[in-house]
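What follows is the content of upload31.cif, which has mmCIF, C-alpha atoms (C1' of nucleotides):
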```cif
data_entry
#
loop_
_atom_site.group_PDB
_atom_site.id
_atom_site.type_symbol
_atom_site.label_atom_id
_atom_site.label_comp_id
_atom_site.auth_asym_id
_atom_site.auth_seq_id
_atom_site.Cartn_x
_atom_site.Cartn_y
_atom_site.Cartn_z
ATOM 1 C CA MET A 1 -34.339 -10.105 -84.416
ATOM 2 C CA GLU A 2 -34.195 -11.575 -80.951
ATOM 3 C CA GLU A 3 -30.853 -12.073 -79.301
ATOM 4 C CA LYS A 4 -29.494 -15.478 -79.940
ATOM 5 C CA ASN A 5 -26.351 -17.443 -79.534
ATOM 6 C CA GLU A 6 -24.871 -17.413 -83.001
ATOM 7 C CA LEU A 7 -23.087 -20.678 -82.403
ATOM 8 C CA LEU A 8 -25.923 -23.039 -81.761
ATOM 9 C CA CYS A 9 -27.839 -25.039 -84.252
ATOM 10 C CA ASP A 10 -31.575 -24.582 -84.083
ATOM 11 C CA GLU A 11 -32.591 -27.543 -82.049
ATOM 12 C CA PRO A 12 -29.941 -29.413 -80.184
ATOM 13 C CA ALA A 13 -33.047 -30.450 -78.318
ATOM 14 C CA ALA A 14 -33.275 -33.376 -80.638
ATOM 15 C CA HIS A 15 -30.114 -34.742 -79.091
ATOM 16 C CA LEU A 16 -30.353 -32.957 -75.798
ATOM 17 C CA ASP A 17 -30.353 -36.137 -73.770
ATOM 18 C CA VAL A 18 -27.133 -37.350 -75.331
ATOM 19 C CA VAL A 19 -25.445 -33.950 -75.056
ATOM 20 C CA ASP A 20 -26.337 -33.693 -71.387
ATOM 21 C CA ARG A 21 -25.150 -37.180 -70.597
ATOM 22 C CA VAL A 22 -21.822 -36.604 -72.325
ATOM 23 C CA ARG A 23 -21.384 -33.270 -70.584
ATOM 24 C CA ASP A 24 -21.685 -35.020 -67.250
ATOM 25 C CA VAL A 25 -19.149 -37.660 -68.146
ATOM 26 C CA LEU A 26 -16.467 -35.287 -69.485
ATOM 27 C CA PRO A 27 -13.395 -34.940 -67.251
ATOM 28 C CA GLU A 28 -12.528 -31.675 -65.569
ATOM 29 C CA ASP A 29 -11.050 -28.994 -67.788
ATOM 30 C CA ASP A 30 -7.814 -29.208 -65.824
ATOM 31 C CA THR A 31 -7.521 -32.886 -66.619
ATOM 32 C CA LEU A 32 -8.059 -32.243 -70.304
ATOM 33 C CA TYR A 33 -5.345 -29.603 -70.375
ATOM 34 C CA GLU A 34 -2.924 -31.841 -68.515
ATOM 35 C CA LEU A 35 -3.645 -34.615 -70.934
ATOM 36 C CA ALA A 36 -3.089 -32.401 -73.970
ATOM 37 C CA ASP A 37 0.142 -31.130 -72.435
ATOM 38 C CA LEU A 38 1.296 -34.679 -71.875
ATOM 39 C CA PHE A 39 0.663 -35.678 -75.470
ATOM 40 C CA LYS A 40 2.362 -32.497 -76.642
ATOM 41 C CA MET A 41 5.587 -34.013 -75.314
ATOM 42 C CA PHE A 42 5.260 -36.864 -77.802
ATOM 43 C CA GLY A 43 4.244 -34.549 -80.614
ATOM 44 C CA ASP A 44 7.689 -33.380 -81.627
ATOM 45 C CA SER A 45 9.990 -35.641 -83.592
ATOM 46 C CA THR A 46 13.123 -34.657 -81.698
ATOM 47 C CA ARG A 47 11.529 -35.485 -78.362
ATOM 48 C CA MET A 48 10.044 -38.633 -79.847
ATOM 49 C CA LYS A 49 13.509 -39.733 -80.927
ATOM 50 C CA ILE A 50 14.994 -38.986 -77.535
ATOM 51 C CA LEU A 51 12.303 -40.993 -75.788
ATOM 52 C CA PHE A 52 12.779 -43.886 -78.176
ATOM 53 C CA VAL A 53 16.475 -43.919 -77.462
ATOM 54 C CA LEU A 54 15.892 -43.855 -73.736
ATOM 55 C CA MET A 55 13.411 -46.695 -74.050
ATOM 56 C CA GLU A 56 16.347 -48.808 -75.157
ATOM 57 C CA SER A 57 18.987 -47.599 -72.757
ATOM 58 C CA GLU A 58 19.908 -44.777 -70.454
ATOM 59 C CA MET A 59 22.405 -42.524 -72.165
ATOM 60 C CA CYS A 60 24.466 -39.380 -71.662
ATOM 61 C CA VAL A 61 23.575 -36.163 -73.446
ATOM 62 C CA CYS A 62 26.443 -36.155 -75.908
ATOM 63 C CA ASP A 63 25.765 -39.722 -76.962
ATOM 64 C CA ILE A 64 22.108 -38.923 -77.581
ATOM 65 C CA ALA A 65 23.124 -35.941 -79.692
ATOM 66 C CA GLU A 66 25.629 -37.917 -81.709
ATOM 67 C CA LEU A 67 23.358 -40.917 -82.162
ATOM 68 C CA LEU A 68 20.528 -38.763 -83.441
ATOM 69 C CA GLY A 69 22.672 -36.317 -85.396
ATOM 70 C CA ILE A 70 21.122 -33.340 -83.645
ATOM 71 C CA SER A 71 23.023 -30.441 -82.088
ATOM 72 C CA GLN A 72 23.903 -30.704 -78.426
ATOM 73 C CA SER A 73 22.083 -27.468 -77.744
ATOM 74 C CA ALA A 74 18.851 -28.617 -79.338
ATOM 75 C CA ILE A 75 18.994 -31.886 -77.436
ATOM 76 C CA SER A 76 19.667 -30.083 -74.193
ATOM 77 C CA HIS A 77 16.700 -27.756 -74.644
ATOM 78 C CA GLN A 78 14.401 -30.681 -75.344
ATOM 79 C CA LEU A 79 15.761 -32.664 -72.416
ATOM 80 C CA ARG A 80 14.864 -29.778 -70.161
ATOM 81 C CA ILE A 81 11.298 -29.819 -71.432
ATOM 82 C CA LEU A 82 11.026 -33.564 -70.962
ATOM 83 C CA LYS A 83 12.384 -33.253 -67.429
ATOM 84 C CA GLN A 84 9.866 -30.575 -66.571
ATOM 85 C CA ALA A 85 7.160 -32.931 -67.777
ATOM 86 C CA LYS A 86 8.686 -35.579 -65.473
ATOM 87 C CA LEU A 87 9.046 -37.996 -68.336
ATOM 88 C CA ILE A 88 12.781 -38.308 -67.915
ATOM 89 C CA SER A 89 15.257 -37.870 -65.131
ATOM 90 C CA SER A 90 19.041 -37.717 -64.938
ATOM 91 C CA ARG A 91 22.063 -38.246 -62.730
ATOM 92 C CA ARG A 92 25.640 -37.099 -62.974
ATOM 93 C CA GLU A 93 28.261 -39.713 -63.714
ATOM 94 C CA GLY A 94 31.747 -38.256 -63.880
ATOM 95 C CA LYS A 95 31.741 -35.598 -66.546
ATOM 96 C CA ASN A 96 28.524 -36.830 -68.062
ATOM 97 C CA ILE A 97 24.863 -36.443 -67.327
ATOM 98 C CA VAL A 98 23.094 -39.737 -67.819
ATOM 99 C CA CYS A 99 19.424 -39.503 -68.791
ATOM 100 C CA PHE A 100 16.779 -42.151 -68.334
ATOM 101 C CA LEU A 101 13.029 -42.589 -68.505
ATOM 102 C CA ALA A 102 11.396 -41.485 -65.290
ATOM 103 C CA ASP A 103 8.099 -43.127 -65.943
ATOM 104 C CA ASP A 104 6.974 -46.481 -67.239
ATOM 105 C CA HIS A 105 3.866 -44.979 -68.745
ATOM 106 C CA VAL A 106 6.051 -43.548 -71.475
ATOM 107 C CA ARG A 107 6.536 -47.007 -72.869
ATOM 108 C CA SER A 108 2.869 -47.920 -72.913
ATOM 109 C CA ILE A 109 1.838 -44.609 -74.447
ATOM 110 C CA ILE A 110 4.370 -44.878 -77.250
ATOM 111 C CA ASP A 111 3.489 -48.512 -77.791
ATOM 112 C CA GLN A 112 -0.159 -47.645 -78.281
ATOM 113 C CA GLY A 113 0.863 -45.002 -80.773
ATOM 114 C CA LEU A 114 3.045 -47.478 -82.616
ATOM 115 C CA ASN A 115 0.192 -49.956 -82.837
ATOM 116 C CA HIS A 116 -1.783 -47.355 -84.685
ATOM 117 C CA VAL A 117 0.975 -46.136 -86.983
ATOM 118 C CA LEU A 118 2.021 -49.649 -87.939
ATOM 119 C CA GLU A 119 -1.623 -50.427 -88.733
ATOM 120 C CA MET B 1 43.467 -27.165 -84.794
ATOM 121 C CA GLU B 2 42.365 -30.243 -86.663
ATOM 122 C CA GLU B 3 38.866 -30.367 -88.136
ATOM 123 C CA LYS B 4 36.431 -31.959 -85.822
ATOM 124 C CA ASN B 5 32.746 -32.450 -85.348
ATOM 125 C CA GLU B 6 31.828 -29.836 -82.794
ATOM 126 C CA LEU B 7 28.855 -31.827 -81.549
ATOM 127 C CA LEU B 8 30.480 -34.965 -80.282
ATOM 128 C CA CYS B 9 31.805 -35.633 -76.851
ATOM 129 C CA ASP B 10 35.348 -36.829 -76.785
ATOM 130 C CA GLU B 11 34.884 -40.493 -76.417
ATOM 131 C CA PRO B 12 31.514 -41.928 -77.145
ATOM 132 C CA ALA B 13 33.774 -44.939 -77.553
ATOM 133 C CA ALA B 14 33.169 -45.636 -73.908
ATOM 134 C CA HIS B 15 29.548 -46.339 -74.725
ATOM 135 C CA LEU B 16 30.002 -47.137 -78.363
ATOM 136 C CA ASP B 17 28.532 -50.600 -78.075
ATOM 137 C CA VAL B 18 25.331 -49.301 -76.530
ATOM 138 C CA VAL B 19 25.030 -46.429 -79.002
ATOM 139 C CA ASP B 20 25.453 -48.780 -81.935
ATOM 140 C CA ARG B 21 22.948 -51.265 -80.619
ATOM 141 C CA VAL B 22 20.351 -48.569 -80.036
ATOM 142 C CA ARG B 23 20.960 -47.094 -83.466
ATOM 143 C CA ASP B 24 20.129 -50.454 -85.011
ATOM 144 C CA VAL B 25 16.929 -50.811 -83.042
ATOM 145 C CA LEU B 26 15.559 -47.320 -83.765
ATOM 146 C CA PRO B 27 12.576 -47.251 -86.138
ATOM 147 C CA GLU B 28 12.791 -45.608 -89.545
ATOM 148 C CA ASP B 29 12.746 -41.839 -89.569
ATOM 149 C CA ASP B 30 9.419 -41.925 -91.411
ATOM 150 C CA THR B 31 7.883 -43.951 -88.623
ATOM 151 C CA LEU B 32 9.117 -41.499 -86.009
ATOM 152 C CA TYR B 33 7.625 -38.564 -87.882
ATOM 153 C CA GLU B 34 4.310 -40.369 -88.325
ATOM 154 C CA LEU B 35 4.278 -41.152 -84.657
ATOM 155 C CA ALA B 36 4.982 -37.565 -83.655
ATOM 156 C CA ASP B 37 2.281 -36.365 -86.042
ATOM 157 C CA LEU B 38 -0.165 -38.797 -84.509
ATOM 158 C CA PHE B 39 0.518 -37.587 -80.992
ATOM 159 C CA LYS B 40 0.284 -34.004 -82.196
ATOM 160 C CA MET B 41 -3.412 -34.673 -82.754
ATOM 161 C CA PHE B 42 -3.833 -35.318 -79.043
ATOM 162 C CA GLY B 43 -1.670 -32.375 -78.077
ATOM 163 C CA ASP B 44 -4.277 -29.657 -78.432
ATOM 164 C CA SER B 45 -6.980 -29.215 -75.838
ATOM 165 C CA THR B 46 -9.726 -28.478 -78.357
ATOM 166 C CA ARG B 47 -9.012 -31.663 -80.274
ATOM 167 C CA MET B 48 -8.647 -33.552 -77.018
ATOM 168 C CA LYS B 49 -12.101 -32.394 -75.972
ATOM 169 C CA ILE B 50 -13.621 -33.349 -79.298
ATOM 170 C CA LEU B 51 -12.133 -36.821 -79.108
ATOM 171 C CA PHE B 52 -13.349 -37.237 -75.561
ATOM 172 C CA VAL B 53 -16.856 -36.322 -76.607
ATOM 173 C CA LEU B 54 -16.781 -38.743 -79.503
ATOM 174 C CA MET B 55 -15.531 -41.472 -77.211
ATOM 175 C CA GLU B 56 -18.879 -41.210 -75.466
ATOM 176 C CA SER B 57 -21.153 -40.814 -78.445
ATOM 177 C CA GLU B 58 -21.230 -39.857 -82.088
ATOM 178 C CA MET B 59 -22.452 -36.310 -82.430
ATOM 179 C CA CYS B 60 -23.199 -33.620 -85.003
ATOM 180 C CA VAL B 61 -20.946 -30.612 -85.398
ATOM 181 C CA CYS B 62 -23.252 -28.053 -83.877
ATOM 182 C CA ASP B 63 -23.851 -30.180 -80.794
ATOM 183 C CA ILE B 64 -20.116 -30.606 -80.280
ATOM 184 C CA ALA B 65 -19.647 -26.855 -80.555
ATOM 185 C CA GLU B 66 -22.430 -26.103 -78.127
ATOM 186 C CA LEU B 67 -21.431 -28.798 -75.649
ATOM 187 C CA LEU B 68 -17.854 -27.562 -75.544
ATOM 188 C CA GLY B 69 -18.636 -23.857 -75.756
ATOM 189 C CA ILE B 70 -16.298 -23.396 -78.696
ATOM 190 C CA SER B 71 -17.151 -21.565 -81.925
ATOM 191 C CA GLN B 72 -18.524 -23.619 -84.781
ATOM 192 C CA SER B 73 -15.702 -22.431 -86.996
ATOM 193 C CA ALA B 74 -12.982 -23.502 -84.613
ATOM 194 C CA ILE B 75 -14.604 -26.901 -84.190
ATOM 195 C CA SER B 76 -14.944 -27.319 -87.921
ATOM 196 C CA HIS B 77 -11.304 -26.506 -88.540
ATOM 197 C CA GLN B 78 -10.216 -29.031 -85.930
ATOM 198 C CA LEU B 79 -12.573 -31.672 -87.249
ATOM 199 C CA ARG B 80 -10.946 -31.311 -90.631
ATOM 200 C CA ILE B 81 -7.538 -31.916 -89.105
ATOM 201 C CA LEU B 82 -8.779 -34.955 -87.211
ATOM 202 C CA LYS B 83 -10.356 -36.348 -90.368
ATOM 203 C CA GLN B 84 -7.137 -35.908 -92.314
ATOM 204 C CA ALA B 85 -5.411 -37.850 -89.577
ATOM 205 C CA LYS B 86 -8.077 -40.546 -90.008
ATOM 206 C CA LEU B 87 -8.972 -40.398 -86.339
ATOM 207 C CA ILE B 88 -12.578 -39.481 -87.001
ATOM 208 C CA SER B 89 -15.039 -39.909 -89.797
ATOM 209 C CA SER B 90 -18.480 -38.527 -90.560
ATOM 210 C CA ARG B 91 -21.731 -39.110 -92.369
ATOM 211 C CA ARG B 92 -24.591 -36.860 -93.344
ATOM 212 C CA GLU B 93 -27.865 -37.289 -91.510
ATOM 213 C CA GLY B 94 -30.532 -34.896 -92.731
ATOM 214 C CA LYS B 95 -29.166 -31.406 -92.268
ATOM 215 C CA ASN B 96 -26.449 -32.506 -89.907
ATOM 216 C CA ILE B 97 -23.021 -34.016 -90.241
ATOM 217 C CA VAL B 98 -22.571 -36.691 -87.618
ATOM 218 C CA CYS B 99 -18.997 -37.312 -86.501
ATOM 219 C CA PHE B 100 -17.645 -40.453 -84.906
ATOM 220 C CA LEU B 101 -14.337 -42.051 -83.999
ATOM 221 C CA ALA B 102 -12.829 -43.807 -86.977
ATOM 222 C CA ASP B 103 -10.326 -45.794 -85.029
ATOM 223 C CA ASP B 104 -10.409 -47.803 -81.839
ATOM 224 C CA HIS B 105 -6.788 -47.013 -81.135
ATOM 225 C CA VAL B 106 -7.909 -43.535 -80.126
ATOM 226 C CA ARG B 107 -9.462 -44.978 -77.000
ATOM 227 C CA SER B 108 -6.425 -46.950 -75.941
ATOM 228 C CA ILE B 109 -4.034 -44.083 -76.588
ATOM 229 C CA ILE B 110 -6.101 -41.645 -74.550
ATOM 230 C CA ASP B 111 -6.578 -44.221 -71.815
ATOM 231 C CA GLN B 112 -2.833 -44.674 -71.475
ATOM 232 C CA GLY B 113 -2.461 -40.921 -71.219
ATOM 233 C CA LEU B 114 -5.142 -40.757 -68.576
ATOM 234 C CA ASN B 115 -3.412 -43.440 -66.540
ATOM 235 C CA HIS B 116 -0.387 -41.232 -66.398
ATOM 236 C CA VAL B 117 -2.164 -37.965 -65.668
ATOM 237 C CA LEU B 118 -4.326 -39.487 -62.936
ATOM 238 C CA GLU B 119 -1.150 -40.922 -61.360
ATOM 239 C "C1'" DT C 1 44.790 -23.457 -60.187
ATOM 240 C "C1'" DC C 2 43.950 -23.890 -64.806
ATOM 241 C "C1'" DA C 3 42.604 -25.770 -69.099
ATOM 242 C "C1'" DA C 4 39.497 -28.867 -71.320
ATOM 243 C "C1'" DC C 5 35.280 -30.874 -71.585
ATOM 244 C "C1'" DA C 6 30.079 -31.900 -70.938
ATOM 245 C "C1'" DC C 7 26.167 -29.683 -70.513
ATOM 246 C "C1'" DA C 8 22.871 -25.636 -69.734
ATOM 247 C "C1'" DT C 9 20.822 -21.426 -70.969
ATOM 248 C "C1'" DG C 10 19.328 -16.836 -72.930
ATOM 249 C "C1'" DA C 11 18.272 -14.178 -76.939
ATOM 250 C "C1'" DA C 12 16.911 -13.956 -81.591
ATOM 251 C "C1'" DC C 13 14.662 -15.759 -85.377
ATOM 252 C "C1'" DA C 14 11.863 -18.461 -88.537
ATOM 253 C "C1'" DC C 15 8.162 -21.329 -88.584
ATOM 254 C "C1'" DT C 16 3.975 -23.505 -87.102
ATOM 255 C "C1'" DT C 17 -0.474 -23.522 -85.132
ATOM 256 C "C1'" DG C 18 -5.183 -22.195 -83.524
ATOM 257 C "C1'" DT C 19 -8.570 -18.791 -83.385
ATOM 258 C "C1'" DT C 20 -11.666 -15.259 -85.284
ATOM 259 C "C1'" DC C 21 -14.141 -12.996 -88.901
ATOM 260 C "C1'" DA C 22 -16.319 -13.001 -93.091
ATOM 261 C "C1'" DT C 23 -18.114 -15.531 -96.495
ATOM 262 C "C1'" DA C 24 -18.956 -19.722 -99.390
ATOM 263 C "C1'" DT C 25 -21.195 -24.269 -100.118
ATOM 264 C "C1'" DG C 26 -24.732 -27.296 -100.182
ATOM 265 C "C1'" DA C 27 -28.650 -30.060 -98.549
ATOM 266 C "C1'" DA C 28 -33.466 -29.443 -97.246
ATOM 267 C "C1'" DA C 29 -37.998 -27.570 -96.522
ATOM 268 C "C1'" DG C 30 -41.360 -24.575 -97.959
ATOM 269 C "C1'" DC D 1 -36.580 -22.006 -107.083
ATOM 270 C "C1'" DT D 2 -35.603 -19.682 -102.955
ATOM 271 C "C1'" DT D 3 -34.641 -19.426 -98.323
ATOM 272 C "C1'" DT D 4 -32.797 -21.279 -94.367
ATOM 273 C "C1'" DC D 5 -29.890 -23.658 -91.703
ATOM 274 C "C1'" DA D 6 -25.581 -26.664 -90.801
ATOM 275 C "C1'" DT D 7 -21.127 -26.861 -91.994
ATOM 276 C "C1'" DA D 8 -16.777 -25.646 -94.531
ATOM 277 C "C1'" DT D 9 -13.186 -22.690 -95.773
ATOM 278 C "C1'" DG D 10 -9.891 -18.761 -96.750
ATOM 279 C "C1'" DA D 11 -7.385 -14.866 -95.028
ATOM 280 C "C1'" DA D 12 -5.366 -12.546 -91.293
ATOM 281 C "C1'" DC D 13 -3.500 -12.325 -86.952
ATOM 282 C "C1'" DA D 14 -1.580 -13.535 -82.359
ATOM 283 C "C1'" DA D 15 0.657 -16.716 -79.787
ATOM 284 C "C1'" DG D 16 3.490 -20.700 -79.247
ATOM 285 C "C1'" DT D 17 7.458 -23.617 -80.504
ATOM 286 C "C1'" DG D 18 12.074 -25.389 -81.955
ATOM 287 C "C1'" DT D 19 16.513 -24.326 -83.679
ATOM 288 C "C1'" DT D 20 20.868 -21.848 -83.858
ATOM 289 C "C1'" DC D 21 24.420 -19.013 -82.003
ATOM 290 C "C1'" DA D 22 26.980 -17.307 -78.394
ATOM 291 C "C1'" DT D 23 28.165 -17.828 -73.995
ATOM 292 C "C1'" DG D 24 27.750 -19.397 -69.086
ATOM 293 C "C1'" DT D 25 28.377 -23.023 -65.401
ATOM 294 C "C1'" DG D 26 30.415 -26.637 -63.132
ATOM 295 C "C1'" DT D 27 33.402 -30.871 -63.081
ATOM 296 C "C1'" DT D 28 37.561 -33.265 -64.029
ATOM 297 C "C1'" DG D 29 42.308 -34.160 -64.545
ATOM 298 C "C1'" DA D 30 46.900 -32.408 -65.234
#
```

Could you quickly redo this structure as structure tokens?
Amino acid sequence: MEEKNELLCDEPAAHLDVVDRVRDVLPEDDTLYELADLFKMFGDSTRMKILFVLMESEMCVCDIAELLGISQSAISHQLRILKQAKLISSRREGKNIVCFLADDHVRSIIDQGLNHVLE
Amino acid sequence: MEEKNELLCDEPAAHLDVVDRVRDVLPEDDTLYELADLFKMFGDSTRMKILFVLMESEMCVCDIAELLGISQSAISHQLRILKQAKLISSRREGKNIVCFLADDHVRSIIDQGLNHVLE
DNA sequence: TCAACACATGAACACTTGTTCATATGAAAG
DNA sequence: CTTTCATATGAACAAGTGTTCATGTGTTGA
């Protein structure tokens, strides 16, 4: 009973060259986490809806809430998250806060997703 | 004290034209949910790592686990989720199950994300 | 200066999600 | 067949997430 790593298969040696090459090519861990965090923003239907709306037009918070039929509070919480992720930005206009996409990448990311979903 | 919808701002009428136009352009709810579910797949760092690996080369389960330093069980659970989402597929090869990307969209979606993360 | 309105925020809660641990399945080699 | 090895899976648990409810903040207009 020698000590052994209980996770490995017996001989990854068979594919050791491939494994090593891939290991070298993998991005930094930090990059992977950032990337996952980015996609997390698109992984909730409320945020997805908000982003879709803002792809069409900038809009104040109450209009977003009414248009989507979601409570103002829920929208506001999600807007905060999207702002922290720097995907949207906002400015005050009279009594209203007008939100808009802060980043053009949002469009291309969602478009790629749509391509897949729409087959 | 008349009944009123507590969620609306007083006069979305100001922007009623825009709101109505956007409402017409929004995709079906089903599509939005599908889209969010798709992006959810990319929103976990373990799955992100697996997909990155498979972007470089098809690979058996144990090699993925060893390469990433993640338990075989955890990998297997995530592989199941990715298969259900039809993002990866697999075939048996001797004792091993070899996994590979099932969909070229995976590459373009991740690439768009990378563009954003890498500024 | 005060009331009304648009929006933000904290706490609480239910729900979801990912991991571990233990064990099951199932092909393959002896 | 029986054992071994690669993978799958179920249960349990901890941690994360999104919504609601109640209330706070700051701006506007009377």

Given only C-alpha atoms (C1' of nucleotides) as the counted atoms, nearest of A:Ala65, A:Asp20, A:Ile88, A:Asp103 to C:DA6 = A:Ala65

Chain B fitted onto chain A, all C-alpha pairs in order, as a CSV table (one decimal) with C-alpha atoms, keeping the file's coordinate frame:
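Final file, part-v4.csv:
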```csv
chain,number,residue,atom,x,y,z
B,1,MET,CA,-34.3,-10.0,-84.5
B,2,GLU,CA,-34.2,-11.4,-81.0
B,3,GLU,CA,-30.9,-11.9,-79.3
B,4,LYS,CA,-29.6,-15.4,-79.9
B,5,ASN,CA,-26.4,-17.4,-79.5
B,6,GLU,CA,-24.9,-17.4,-82.9
B,7,LEU,CA,-23.1,-20.7,-82.3
B,8,LEU,CA,-25.9,-23.1,-81.6
B,9,CYS,CA,-27.9,-25.1,-84.1
B,10,ASP,CA,-31.6,-24.7,-83.9
B,11,GLU,CA,-32.6,-27.6,-82.0
B,12,PRO,CA,-29.9,-29.5,-80.1
B,13,ALA,CA,-33.1,-30.5,-78.2
B,14,ALA,CA,-33.2,-33.4,-80.6
B,15,HIS,CA,-30.1,-34.8,-79.1
B,16,LEU,CA,-30.3,-33.0,-75.8
B,17,ASP,CA,-30.3,-36.1,-73.7
B,18,VAL,CA,-27.1,-37.4,-75.3
B,19,VAL,CA,-25.4,-34.0,-75.0
B,20,ASP,CA,-26.3,-33.7,-71.4
B,21,ARG,CA,-25.1,-37.2,-70.6
B,22,VAL,CA,-21.8,-36.6,-72.3
B,23,ARG,CA,-21.3,-33.3,-70.6
B,24,ASP,CA,-21.6,-35.0,-67.2
B,25,VAL,CA,-19.1,-37.6,-68.1
B,26,LEU,CA,-16.4,-35.3,-69.5
B,27,PRO,CA,-13.3,-34.9,-67.3
B,28,GLU,CA,-12.5,-31.6,-65.6
B,29,ASP,CA,-11.0,-29.0,-67.8
B,30,ASP,CA,-7.8,-29.2,-65.9
B,31,THR,CA,-7.5,-32.8,-66.7
B,32,LEU,CA,-8.0,-32.2,-70.4
B,33,TYR,CA,-5.3,-29.6,-70.5
B,34,GLU,CA,-2.9,-31.8,-68.6
B,35,LEU,CA,-3.6,-34.6,-71.0
B,36,ALA,CA,-3.1,-32.4,-74.0
B,37,ASP,CA,0.2,-31.1,-72.5
B,38,LEU,CA,1.3,-34.7,-71.9
B,39,PHE,CA,0.7,-35.7,-75.5
B,40,LYS,CA,2.4,-32.5,-76.7
B,41,MET,CA,5.6,-34.0,-75.4
B,42,PHE,CA,5.3,-36.9,-77.9
B,43,GLY,CA,4.2,-34.6,-80.7
B,44,ASP,CA,7.7,-33.4,-81.7
B,45,SER,CA,10.0,-35.7,-83.6
B,46,THR,CA,13.1,-34.7,-81.7
B,47,ARG,CA,11.5,-35.5,-78.4
B,48,MET,CA,10.1,-38.7,-79.9
B,49,LYS,CA,13.5,-39.8,-80.9
B,50,ILE,CA,15.0,-39.0,-77.5
B,51,LEU,CA,12.3,-41.0,-75.8
B,52,PHE,CA,12.8,-43.9,-78.2
B,53,VAL,CA,16.5,-43.9,-77.4
B,54,LEU,CA,15.9,-43.9,-73.7
B,55,MET,CA,13.4,-46.7,-74.0
B,56,GLU,CA,16.4,-48.8,-75.1
B,57,SER,CA,19.0,-47.6,-72.7
B,58,GLU,CA,19.9,-44.8,-70.4
B,59,MET,CA,22.4,-42.5,-72.1
B,60,CYS,CA,24.4,-39.3,-71.6
B,61,VAL,CA,23.6,-36.1,-73.4
B,62,CYS,CA,26.4,-36.1,-75.8
B,63,ASP,CA,25.8,-39.7,-76.9
B,64,ILE,CA,22.1,-38.9,-77.6
B,65,ALA,CA,23.1,-35.9,-79.7
B,66,GLU,CA,25.7,-37.9,-81.6
B,67,LEU,CA,23.4,-40.9,-82.1
B,68,LEU,CA,20.6,-38.8,-83.4
B,69,GLY,CA,22.7,-36.3,-85.4
B,70,ILE,CA,21.1,-33.3,-83.6
B,71,SER,CA,23.0,-30.4,-82.1
B,72,GLN,CA,23.9,-30.7,-78.4
B,73,SER,CA,22.0,-27.4,-77.8
B,74,ALA,CA,18.8,-28.6,-79.4
B,75,ILE,CA,19.0,-31.9,-77.4
B,76,SER,CA,19.6,-30.1,-74.2
B,77,HIS,CA,16.7,-27.7,-74.7
B,78,GLN,CA,14.4,-30.7,-75.4
B,79,LEU,CA,15.7,-32.6,-72.4
B,80,ARG,CA,14.8,-29.7,-70.2
B,81,ILE,CA,11.2,-29.8,-71.5
B,82,LEU,CA,11.0,-33.6,-71.0
B,83,LYS,CA,12.3,-33.2,-67.4
B,84,GLN,CA,9.8,-30.6,-66.6
B,85,ALA,CA,7.1,-32.9,-67.8
B,86,LYS,CA,8.6,-35.6,-65.5
B,87,LEU,CA,9.0,-38.0,-68.4
B,88,ILE,CA,12.8,-38.3,-67.9
B,89,SER,CA,15.2,-37.8,-65.1
B,90,SER,CA,19.0,-37.7,-64.9
B,91,ARG,CA,22.0,-38.2,-62.7
B,92,ARG,CA,25.6,-37.1,-62.9
B,93,GLU,CA,28.2,-39.8,-63.7
B,94,GLY,CA,31.7,-38.3,-63.8
B,95,LYS,CA,31.7,-35.6,-66.4
B,96,ASN,CA,28.5,-36.8,-68.0
B,97,ILE,CA,24.8,-36.4,-67.3
B,98,VAL,CA,23.1,-39.7,-67.8
B,99,CYS,CA,19.4,-39.5,-68.8
B,100,PHE,CA,16.8,-42.2,-68.3
B,101,LEU,CA,13.0,-42.6,-68.5
B,102,ALA,CA,11.4,-41.5,-65.3
B,103,ASP,CA,8.1,-43.1,-66.0
B,104,ASP,CA,7.0,-46.5,-67.3
B,105,HIS,CA,3.9,-45.0,-68.8
B,106,VAL,CA,6.1,-43.6,-71.5
B,107,ARG,CA,6.5,-47.0,-72.9
B,108,SER,CA,2.9,-47.9,-73.0
B,109,ILE,CA,1.8,-44.6,-74.5
B,110,ILE,CA,4.4,-44.9,-77.3
B,111,ASP,CA,3.5,-48.5,-77.8
B,112,GLN,CA,-0.2,-47.7,-78.3
B,113,GLY,CA,0.9,-45.0,-80.8
B,114,LEU,CA,3.0,-47.5,-82.7
B,115,ASN,CA,0.2,-50.0,-82.9
B,116,HIS,CA,-1.8,-47.4,-84.7
B,117,VAL,CA,1.0,-46.2,-87.0
B,118,LEU,CA,2.0,-49.7,-88.0
B,119,GLU,CA,-1.6,-50.5,-88.8
```

For the file shown, what are the residues hit by the PyMOL selection byres ((chain C and resi 22) around 10), laid out as number ranges by chain?
-> C: 20-21, 23-24; D: 10-11

Mind dumping the selected residues with C-alpha atoms (C1' of nucleotides) as an mmCIF file, in the coordinates of the input?
```
data_model
loop_
_atom_site.group_PDB
_atom_site.id
_atom_site.type_symbol
_atom_site.label_atom_id
_atom_site.label_comp_id
_atom_site.auth_asym_id
_atom_site.auth_seq_id
_atom_site.Cartn_x
_atom_site.Cartn_y
_atom_site.Cartn_z
ATOM 1 C "C1'" DT C 20 -11.666 -15.259 -85.284
ATOM 2 C "C1'" DC C 21 -14.141 -12.996 -88.901
ATOM 3 C "C1'" DT C 23 -18.114 -15.531 -96.495
ATOM 4 C "C1'" DA C 24 -18.956 -19.722 -99.390
ATOM 5 C "C1'" DG D 10 -9.891 -18.761 -96.750
ATOM 6 C "C1'" DA D 11 -7.385 -14.866 -95.028
#
```

Could you work out how far atom CA of B:Gln78 lies from atom C1' of C:DC13, giving the answer in Å with one decimal?
-> 28.2 Å

Just give me the gap between atom CA of A:Lys86 and atom C1' of D:DG26 in Å, one decimal is fine.
-> 23.6 Å
